[in-house]
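> Next comes run02.cif, mmCIF, C-alpha atoms:
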data_upload
#
loop_
_atom_site.label_atom_id
_atom_site.label_comp_id
_atom_site.auth_asym_id
_atom_site.auth_seq_id
_atom_site.Cartn_x
_atom_site.Cartn_y
_atom_site.Cartn_z
CA ALA A 8 -26.35 -4.25 -2.64
CA LYS A 9 -29.27 -6.39 -1.50
CA GLY A 10 -31.72 -4.29 -3.52
CA ALA A 11 -29.59 -4.64 -6.65
CA LYS A 12 -29.39 -8.42 -6.15
CA GLN A 13 -33.15 -8.70 -5.69
CA ALA A 14 -33.76 -6.64 -8.81
CA LEU A 15 -31.52 -8.97 -10.81
CA GLU A 16 -33.28 -12.02 -9.38
CA ARG A 17 -36.67 -10.60 -10.37
CA LYS A 18 -35.41 -10.06 -13.91
CA ASP A 19 -34.16 -13.65 -14.13
CA GLN A 20 -37.11 -15.30 -12.37
CA GLY A 21 -39.98 -13.68 -14.27
CA ASN A 22 -41.76 -15.29 -17.19
CA LEU A 23 -40.59 -14.91 -20.77
CA MET A 24 -42.69 -11.79 -21.28
CA VAL A 25 -40.70 -9.77 -18.74
CA ARG A 26 -37.47 -11.55 -17.81
CA SER A 27 -34.04 -10.72 -19.15
CA LEU A 28 -33.11 -12.59 -22.32
CA ALA A 29 -29.37 -11.98 -22.18
CA ASP A 30 -28.62 -15.41 -20.69
CA ILE A 31 -31.05 -17.24 -23.01
CA VAL A 32 -30.21 -16.11 -26.54
CA ASN A 33 -26.94 -16.11 -28.44
CA ALA A 34 -25.60 -14.85 -31.76
CA LYS A 35 -26.65 -17.91 -33.79
CA ASP A 36 -30.33 -17.18 -33.02
CA PHE A 37 -30.25 -13.93 -35.02
CA VAL A 38 -30.01 -12.88 -38.63
CA GLU A 39 -29.19 -9.22 -39.14
CA SER A 40 -28.48 -7.59 -42.49
CA GLU A 41 -29.36 -4.48 -44.45
CA HIS A 42 -32.87 -5.77 -45.16
CA LEU A 43 -33.46 -8.70 -42.79
CA THR A 44 -33.91 -8.85 -39.02
CA THR A 45 -34.85 -11.44 -36.42
CA LEU A 46 -37.57 -10.89 -33.82
CA LEU A 47 -38.18 -12.75 -30.58
CA VAL A 48 -41.82 -13.68 -29.99
CA VAL A 49 -43.36 -15.09 -26.81
CA VAL A 50 -46.06 -17.61 -27.74
CA PRO A 51 -48.46 -19.26 -25.26
CA LYS A 52 -48.03 -23.02 -25.34
CA PHE A 53 -51.69 -23.57 -26.12
CA ALA A 54 -51.28 -21.38 -29.26
CA LEU A 55 -48.03 -22.91 -30.49
CA LYS A 56 -49.64 -24.81 -33.38
CA GLU A 57 -51.46 -21.65 -34.44
CA TRP A 58 -48.14 -19.80 -34.44
CA GLU A 59 -46.43 -22.45 -36.54
CA THR A 60 -49.16 -22.34 -39.17
CA SER A 61 -49.73 -18.58 -39.25
CA TYR A 62 -46.46 -16.72 -38.49
CA ALA A 63 -45.49 -16.59 -42.17
CA SER A 64 -48.67 -14.64 -42.96
CA LEU A 65 -48.45 -12.14 -40.11
CA GLY A 66 -46.52 -9.66 -42.22
CA GLY A 67 -49.63 -8.71 -44.17
CA ASP A 68 -50.27 -9.07 -47.87
CA LYS A 69 -46.60 -9.13 -48.78
CA PRO A 70 -44.78 -12.48 -48.28
CA PHE A 71 -41.84 -10.86 -46.55
CA VAL A 72 -41.52 -13.33 -43.66
CA VAL A 73 -38.78 -15.87 -44.32
CA PRO A 74 -40.37 -19.35 -44.58
CA ASN A 75 -39.27 -21.95 -42.00
CA SER A 76 -37.34 -19.29 -40.07
CA SER A 77 -39.13 -19.79 -36.75
CA ARG A 78 -37.10 -21.67 -34.11
CA LYS A 79 -37.73 -22.41 -30.45
CA VAL A 80 -35.14 -20.75 -28.23
CA HIS A 81 -36.49 -21.35 -24.72
CA GLU A 82 -39.65 -22.29 -22.85
CA ASP A 83 -41.09 -21.98 -19.38
CA THR A 84 -44.25 -23.33 -17.77
CA ASP A 85 -46.75 -21.46 -19.93
CA THR A 86 -44.93 -19.90 -22.88
CA VAL A 87 -42.34 -20.53 -25.58
CA LEU A 88 -39.78 -18.06 -26.93
CA MET A 89 -39.66 -18.28 -30.74
CA THR A 90 -37.52 -16.52 -33.33
CA VAL A 91 -38.73 -15.37 -36.72
CA THR A 92 -36.76 -13.69 -39.53
CA LEU A 93 -38.42 -11.14 -41.79
CA PHE A 94 -37.82 -8.03 -43.85
CA LYS A 95 -37.33 -4.87 -41.82
CA SER A 96 -39.93 -3.04 -43.91
CA ILE A 97 -42.81 -5.07 -42.42
CA VAL A 98 -41.71 -5.19 -38.79
CA ASP A 99 -44.42 -2.76 -37.61
CA ASP A 100 -47.19 -4.63 -39.47
CA PHE A 101 -45.90 -7.94 -38.13
CA LYS A 102 -45.94 -6.65 -34.53
CA ALA A 103 -49.48 -5.29 -34.90
CA ASN A 104 -50.76 -8.60 -36.27
CA CYS A 105 -48.99 -10.48 -33.47
CA ARG A 106 -50.77 -8.34 -30.88
CA GLU A 107 -54.13 -9.25 -32.40
CA LYS A 108 -53.33 -12.95 -31.90
CA ARG A 109 -51.84 -12.35 -28.42
CA PHE A 110 -48.30 -13.17 -29.51
CA ILE A 111 -45.87 -10.91 -27.63
CA VAL A 112 -42.93 -9.50 -29.60
CA ARG A 113 -40.08 -8.73 -27.21
CA ASP A 114 -38.22 -5.48 -27.83
CA PHE A 115 -34.73 -6.94 -27.86
CA GLU A 116 -31.76 -6.01 -30.02
CA TYR A 117 -28.94 -8.51 -29.77
CA SER A 118 -25.38 -7.32 -29.48
CA GLU A 119 -22.37 -9.13 -28.08
CA ALA A 120 -21.30 -6.01 -26.21
CA GLY A 121 -24.75 -5.47 -24.69
CA VAL A 122 -25.12 -9.09 -23.56
CA LYS A 123 -21.61 -9.09 -22.11
CA ALA A 124 -22.25 -5.78 -20.32
CA GLU A 125 -25.45 -7.14 -18.73
CA LYS A 126 -23.72 -10.34 -17.61
CA ASP A 127 -20.79 -8.35 -16.21
CA SER A 128 -23.22 -6.05 -14.36
CA LYS A 129 -24.99 -9.06 -12.87
CA GLU A 130 -21.73 -10.68 -11.75
CA LYS A 131 -20.57 -7.37 -10.25
CA ALA A 132 -23.82 -6.89 -8.33
CA LEU A 133 -23.74 -10.46 -6.98
CA SER A 134 -20.08 -10.10 -6.00
CA GLU A 135 -20.78 -6.78 -4.26
CA HIS A 136 -23.74 -8.31 -2.41
CA ASP A 137 -21.66 -11.25 -1.18
CA LYS A 138 -18.85 -8.90 -0.13
CA VAL A 139 -21.19 -6.56 1.81
CA LYS A 140 -23.03 -9.50 3.39
CA ALA A 141 -19.75 -11.06 4.58
CA MET A 142 -18.65 -7.71 6.07
CA PHE A 143 -22.03 -7.28 7.77
CA ILE A 144 -21.93 -10.79 9.26
CA ARG A 145 -18.41 -10.18 10.60
CA TRP A 146 -19.58 -6.88 12.11
CA CYS A 147 -22.59 -8.56 13.73
CA LYS A 148 -20.48 -11.34 15.20
CA THR A 149 -18.02 -8.82 16.58
CA ASN A 150 -20.70 -6.63 18.18
CA LEU A 151 -23.28 -9.25 19.12
CA ALA A 152 -21.89 -9.93 22.60
CA GLU A 153 -21.82 -6.25 23.53
CA ALA A 154 -25.28 -5.55 22.11
CA TYR A 155 -26.78 -8.63 23.77
CA SER A 156 -25.21 -7.71 27.10
CA ALA A 157 -26.73 -4.23 26.86
CA MET A 158 -30.13 -5.69 26.01
CA VAL A 159 -30.06 -8.06 29.02
CA HIS A 160 -29.01 -5.14 31.25
CA LEU A 161 -31.99 -3.08 30.06
CA LYS A 162 -34.30 -6.05 30.64
CA ALA A 163 -32.99 -6.37 34.21
CA VAL A 164 -33.55 -2.65 34.82
CA ARG A 165 -37.11 -2.94 33.49
CA VAL A 166 -37.84 -5.94 35.69
CA PHE A 167 -36.64 -4.03 38.77
CA VAL A 168 -38.53 -0.82 37.94
CA GLU A 169 -41.77 -2.59 37.01
CA SER A 170 -41.57 -4.75 40.14
CA VAL A 171 -41.10 -1.73 42.42
CA LEU A 172 -44.00 0.06 40.73
CA ARG A 173 -46.23 -2.96 41.13
CA TYR A 174 -45.26 -4.34 44.53
CA GLY A 175 -43.93 -1.22 46.26
CA VAL A 176 -40.90 -0.62 48.47
CA PRO A 177 -38.78 -1.85 50.07
CA PRO A 178 -37.96 -4.23 47.18
CA ASN A 179 -38.83 -7.79 48.10
CA PHE A 180 -38.81 -9.90 44.97
CA GLN A 181 -36.62 -12.32 43.05
CA ALA A 182 -35.79 -12.12 39.34
CA ALA A 183 -35.14 -15.34 37.42
CA LEU A 184 -34.49 -16.52 33.85
CA LEU A 185 -36.68 -19.41 32.68
CA LYS A 186 -36.14 -21.28 29.41
CA PRO A 187 -39.04 -23.65 28.67
CA ALA A 188 -38.53 -26.82 26.70
CA PRO A 189 -39.82 -26.76 23.11
CA ARG A 190 -43.64 -26.63 22.95
CA LYS A 191 -43.85 -26.32 26.74
CA GLU A 192 -44.49 -22.57 26.93
CA VAL A 193 -48.22 -22.92 27.61
CA GLN A 194 -47.64 -25.51 30.31
CA LEU A 195 -45.04 -23.29 31.99
CA ARG A 196 -47.36 -20.28 31.83
CA LYS A 197 -50.19 -22.22 33.53
CA HIS A 198 -47.83 -23.40 36.28
CA LEU A 199 -46.56 -19.86 36.95
CA ASP A 200 -50.11 -18.48 36.99
CA SER A 201 -51.10 -21.11 39.56
CA LEU A 202 -47.95 -20.61 41.67
CA TYR A 203 -48.27 -16.80 41.91
CA GLN A 204 -52.03 -16.35 41.75
CA HIS A 205 -51.98 -14.91 45.25
CA LEU A 206 -50.06 -11.88 43.91
CA ALA A 207 -52.95 -10.93 41.63
CA ALA A 208 -54.72 -8.62 44.08
CA SER A 209 -58.29 -7.63 43.28
CA ASP A 210 -57.35 -3.98 42.96
CA MET A 211 -54.92 -4.98 40.19
CA THR A 212 -57.42 -6.93 38.12
CA GLY A 213 -60.83 -5.53 38.98
CA GLY A 214 -60.79 -2.15 37.22
CA ASP A 215 -60.31 -0.75 33.75
CA GLU A 216 -57.36 1.44 34.77
CA ASP A 217 -54.00 0.18 33.56
CA MET A 218 -51.68 -0.87 36.33
CA PRO A 219 -47.93 -0.11 36.32
CA GLY A 220 -46.13 -2.90 34.52
CA GLN A 221 -49.34 -4.28 33.03
CA ALA A 222 -48.92 -5.38 29.43
CA ALA A 223 -51.62 -6.24 26.91
CA GLU A 224 -52.14 -9.50 28.82
CA PHE A 225 -51.86 -9.25 32.60
CA TYR A 226 -49.95 -11.76 34.72
CA PRO A 227 -49.64 -11.80 38.53
CA TYR A 228 -45.87 -11.44 38.09
CA VAL A 229 -43.66 -9.16 36.04
CA PHE A 230 -42.74 -10.83 32.77
CA PHE A 231 -40.56 -9.94 29.77
CA ASN A 232 -39.37 -12.00 26.81
CA VAL A 233 -35.62 -12.42 26.27
CA TYR A 234 -34.64 -13.85 22.90
CA THR A 235 -31.64 -16.18 23.01
CA SER A 236 -31.22 -16.79 19.28
CA PRO A 237 -30.24 -14.00 16.85
CA PRO A 238 -32.38 -13.55 13.74
CA SER A 239 -31.19 -15.24 10.55
CA ILE A 240 -29.40 -12.98 8.08
#
Have the structure of the file written as structure tokens, please.


Amino acid sequence: AKGAKQALERKDQGNLMVRSLADIVNAKDFVESEHLTTLLVVVPKFALKEWETSYASLGGDKPFVVPNSSRKVHEDTDTVLMTVTLFKSIVDDFKANCREKRFIVRDFEYSEAGVKAEKDSKEKALSEHDKVKAMFIRWCKTNLAEAYSAMVHLKAVRVFVESVLRYGVPPNFQAALLKPAPRKEVQLRKHLDSLYQHLAASDMTGGDEDMPGQAAEFYPYVFFNVYTSPPSI
């Protein structure tokens, strides 16, 4: 559901050369008959004047582009979506000449049924995403307490095992939970290092061999992070 939603968002958030046009155009933008058709052309803003003065001649030698048929439908930061009506017999020549001038003709055939189907598909995907997300959040809230309790239990077991491996038996140590104030983590770390420096025996820090319980950064005490805030969903 999330993947489908992201795919729809990419289609709607892209530029006019790639994004979906179903929510931009409507029936009044098109002329369709036995001989005439309407094309959608993406024109860079810097070339808009060139388009306005040249689109009628882009069909080749035959004057089969309807004069004054170009209309602006939509625009974004860099481009403008224009319509143009012409005879179907010169569509291929018109597209080729547009490519030479870097005008992009979108392959889009308007139909009420197709536009409605795309909009319905989008609404269905968004509704399914919201439904699945709500179910997932309810599941997380229901199981968070149990999962968090299990995590804290495993942390406690690790603290005990690592402490025994480091300091030996019989066990003679105290486990504690410390929650530093915001932006006080470094200050707390320095204070703990100073308070328990006597536990950092030379045989623990003087060699290259990893000691039991030693992480990437060694402390004279056993230390593990415990996260108190769940990740955002």

> Translate the PyMOL selection byres ((chain A and resi 66) around 6), as applied to the file shown, into an explicit residue set as a PDB file with C-alpha atoms, in the frame of the given file.


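Dumped everything to expr_0.pdb:
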ATOM      1  CA  SER A  64     -48.670 -14.640 -42.960  1.00  0.00           C
ATOM      2  CA  LEU A  65     -48.450 -12.140 -40.110  1.00  0.00           C
ATOM      3  CA  GLY A  67     -49.630  -8.710 -44.170  1.00  0.00           C
ATOM      4  CA  ILE A  97     -42.810  -5.070 -42.420  1.00  0.00           C
ATOM      5  CA  ASP A 100     -47.190  -4.630 -39.470  1.00  0.00           C
ATOM      6  CA  PHE A 101     -45.900  -7.940 -38.130  1.00  0.00           C
TER       7      PHE A 101
END

> Could you please determine the separation between CA of Tyr117 (chain A) and CA of Ser40 (chain A) in Å, to one decimal place?

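Rounded to one decimal, the two atoms are 12.8 Å apart.
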
> For the structure provided, state which residues fall under the PyMOL selection byres ((chain A and resi 29-33) around 8), and present them as a ChimeraX atom specification.

/A:27-28,34-37,80-81,117,122,125-126

> Please indicate the distance in Å from CA of Ala183 (chain A) to CA of Leu161 (chain A), rounded to one decimal place.

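According to the coordinates, CA of Ala183 (chain A) and CA of Leu161 (chain A) are separated by 14.6 Å.
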
> Report the residues retrieved by the PyMOL selection byres ((chain A and resi 170) around 12) from the displayed file, expressed as a PyMOL selection string.

chain A and resi 163-169+171-182+206+218-221+227-231

> So the first atom is CA of Lys69 (chain A) and the second is CA of Ile111 (chain A); what is the distance between them in Å, to one decimal place?

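We find that CA of Lys69 (chain A) and CA of Ile111 (chain A) lie 21.2 Å from each other.
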
> May I have the residues within 10 Å of region 147-157 of chain A as a list in words, using all atoms listed in the file and disregarding those fewer than 4 positions away in the same chain?

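My list of contacting residues is Ala141, Met142, Phe143, Leu161, Lys162, Ala163, Val233, Tyr234, Thr235, Pro237 and Ile240 of chain A.
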
> For each of A:Val38, A:Leu195, A:Val49, A:Leu93, take the minimum atom-to-atom distance to Pro70 (chain A), counting all atoms listed in the file, then give the residue where this is smallest.

A:Leu93

> Got a sec to check which residues sit within 7 Å of (-37.5, -20.1, -31.1), counting only C-alpha atoms, and write them as a short mmCIF file (atom, residue, chain, number, x, y, z; two decimals) with C-alpha atoms, in the coordinates of the input?


data_model
loop_
_atom_site.label_atom_id
_atom_site.label_comp_id
_atom_site.auth_asym_id
_atom_site.auth_seq_id
_atom_site.Cartn_x
_atom_site.Cartn_y
_atom_site.Cartn_z
CA SER A 77 -39.13 -19.79 -36.75
CA ARG A 78 -37.10 -21.67 -34.11
CA LYS A 79 -37.73 -22.41 -30.45
CA VAL A 80 -35.14 -20.75 -28.23
CA HIS A 81 -36.49 -21.35 -24.72
CA LEU A 88 -39.78 -18.06 -26.93
CA MET A 89 -39.66 -18.28 -30.74
CA THR A 90 -37.52 -16.52 -33.33
#

> Can region 175-186 of chain A be brought up to all heavy atoms and written out as a JSON list (two decimals), in the coordinates of the input?


[["chain", "number", "residue", "atom", "x", "y", "z"],
["A", 175, "GLY", "N", -44.29, -2.22, 45.27],
["A", 175, "GLY", "CA", -43.93, -1.22, 46.26],
["A", 175, "GLY", "C", -42.54, -1.41, 46.84],
["A", 175, "GLY", "O", -41.77, -2.28, 46.43],
["A", 176, "VAL", "N", -42.20, -0.59, 47.78],
["A", 176, "VAL", "CA", -40.90, -0.62, 48.47],
["A", 176, "VAL", "C", -41.12, -0.97, 49.93],
["A", 176, "VAL", "O", -42.21, -0.73, 50.50],
["A", 176, "VAL", "CB", -40.19, 0.74, 48.33],
["A", 176, "VAL", "CG1", -39.79, 0.98, 46.89],
["A", 176, "VAL", "CG2", -41.07, 1.89, 48.82],
["A", 177, "PRO", "N", -40.10, -1.51, 50.61],
["A", 177, "PRO", "CA", -38.78, -1.85, 50.07],
["A", 177, "PRO", "C", -38.87, -3.03, 49.10],
["A", 177, "PRO", "O", -39.77, -3.86, 49.22],
["A", 177, "PRO", "CB", -37.98, -2.21, 51.33],
["A", 177, "PRO", "CG", -39.01, -2.71, 52.28],
["A", 177, "PRO", "CD", -40.23, -1.88, 52.04],
["A", 178, "PRO", "N", -37.92, -3.13, 48.15],
["A", 178, "PRO", "CA", -37.96, -4.23, 47.18],
["A", 178, "PRO", "C", -37.90, -5.58, 47.89],
["A", 178, "PRO", "O", -37.04, -5.81, 48.75],
["A", 178, "PRO", "CB", -36.71, -3.99, 46.33],
["A", 178, "PRO", "CG", -36.39, -2.54, 46.51],
["A", 178, "PRO", "CD", -36.80, -2.20, 47.90],
["A", 179, "ASN", "N", -38.81, -6.45, 47.51],
["A", 179, "ASN", "CA", -38.83, -7.79, 48.10],
["A", 179, "ASN", "C", -39.32, -8.76, 47.03],
["A", 179, "ASN", "O", -40.46, -9.24, 47.05],
["A", 179, "ASN", "CB", -39.75, -7.83, 49.32],
["A", 179, "ASN", "CG", -39.72, -9.20, 50.00],
["A", 179, "ASN", "OD1", -38.77, -9.96, 49.83],
["A", 179, "ASN", "ND2", -40.76, -9.51, 50.74],
["A", 180, "PHE", "N", -38.45, -9.00, 46.07],
["A", 180, "PHE", "CA", -38.81, -9.90, 44.97],
["A", 180, "PHE", "C", -37.55, -10.54, 44.42],
["A", 180, "PHE", "O", -36.43, -10.11, 44.72],
["A", 180, "PHE", "CB", -39.56, -9.14, 43.86],
["A", 180, "PHE", "CG", -38.92, -7.83, 43.50],
["A", 180, "PHE", "CD1", -37.82, -7.76, 42.66],
["A", 180, "PHE", "CD2", -39.44, -6.64, 44.01],
["A", 180, "PHE", "CE1", -37.25, -6.57, 42.33],
["A", 180, "PHE", "CE2", -38.87, -5.42, 43.67],
["A", 180, "PHE", "CZ", -37.76, -5.39, 42.83],
["A", 181, "GLN", "N", -37.73, -11.58, 43.61],
["A", 181, "GLN", "CA", -36.62, -12.32, 43.05],
["A", 181, "GLN", "C", -36.79, -12.41, 41.53],
["A", 181, "GLN", "O", -37.84, -12.82, 41.05],
["A", 181, "GLN", "CB", -36.56, -13.74, 43.62],
["A", 181, "GLN", "CG", -35.45, -14.62, 43.05],
["A", 181, "GLN", "CD", -34.07, -14.10, 43.41],
["A", 181, "GLN", "OE1", -33.80, -13.81, 44.58],
["A", 181, "GLN", "NE2", -33.20, -13.96, 42.42],
["A", 182, "ALA", "N", -35.76, -12.01, 40.80],
["A", 182, "ALA", "CA", -35.79, -12.12, 39.34],
["A", 182, "ALA", "C", -35.14, -13.43, 38.92],
["A", 182, "ALA", "O", -34.18, -13.90, 39.54],
["A", 182, "ALA", "CB", -35.05, -10.94, 38.71],
["A", 183, "ALA", "N", -35.67, -14.05, 37.88],
["A", 183, "ALA", "CA", -35.14, -15.34, 37.42],
["A", 183, "ALA", "C", -35.30, -15.44, 35.90],
["A", 183, "ALA", "O", -36.18, -14.81, 35.30],
["A", 183, "ALA", "CB", -35.89, -16.49, 38.10],
["A", 184, "LEU", "N", -34.41, -16.21, 35.28],
["A", 184, "LEU", "CA", -34.49, -16.52, 33.85],
["A", 184, "LEU", "C", -35.04, -17.94, 33.70],
["A", 184, "LEU", "O", -34.49, -18.88, 34.28],
["A", 184, "LEU", "CB", -33.12, -16.42, 33.19],
["A", 184, "LEU", "CG", -32.55, -15.02, 32.95],
["A", 184, "LEU", "CD1", -31.12, -15.11, 32.46],
["A", 184, "LEU", "CD2", -33.41, -14.27, 31.93],
["A", 185, "LEU", "N", -36.07, -18.10, 32.91],
["A", 185, "LEU", "CA", -36.68, -19.41, 32.68],
["A", 185, "LEU", "C", -36.66, -19.69, 31.18],
["A", 185, "LEU", "O", -37.11, -18.88, 30.38],
["A", 185, "LEU", "CB", -38.12, -19.44, 33.19],
["A", 185, "LEU", "CG", -38.34, -19.19, 34.68],
["A", 185, "LEU", "CD1", -39.82, -19.18, 35.00],
["A", 185, "LEU", "CD2", -37.61, -20.24, 35.51],
["A", 186, "LYS", "N", -36.16, -20.87, 30.82],
["A", 186, "LYS", "CA", -36.14, -21.28, 29.41],
["A", 186, "LYS", "C", -36.96, -22.55, 29.27],
["A", 186, "LYS", "O", -36.50, -23.64, 29.61],
["A", 186, "LYS", "CB", -34.71, -21.52, 28.92],
["A", 186, "LYS", "CG", -34.65, -21.88, 27.43],
["A", 186, "LYS", "CD", -33.22, -22.08, 26.97],
["A", 186, "LYS", "CE", -33.18, -22.42, 25.48],
["A", 186, "LYS", "NZ", -31.79, -22.63, 25.00]]
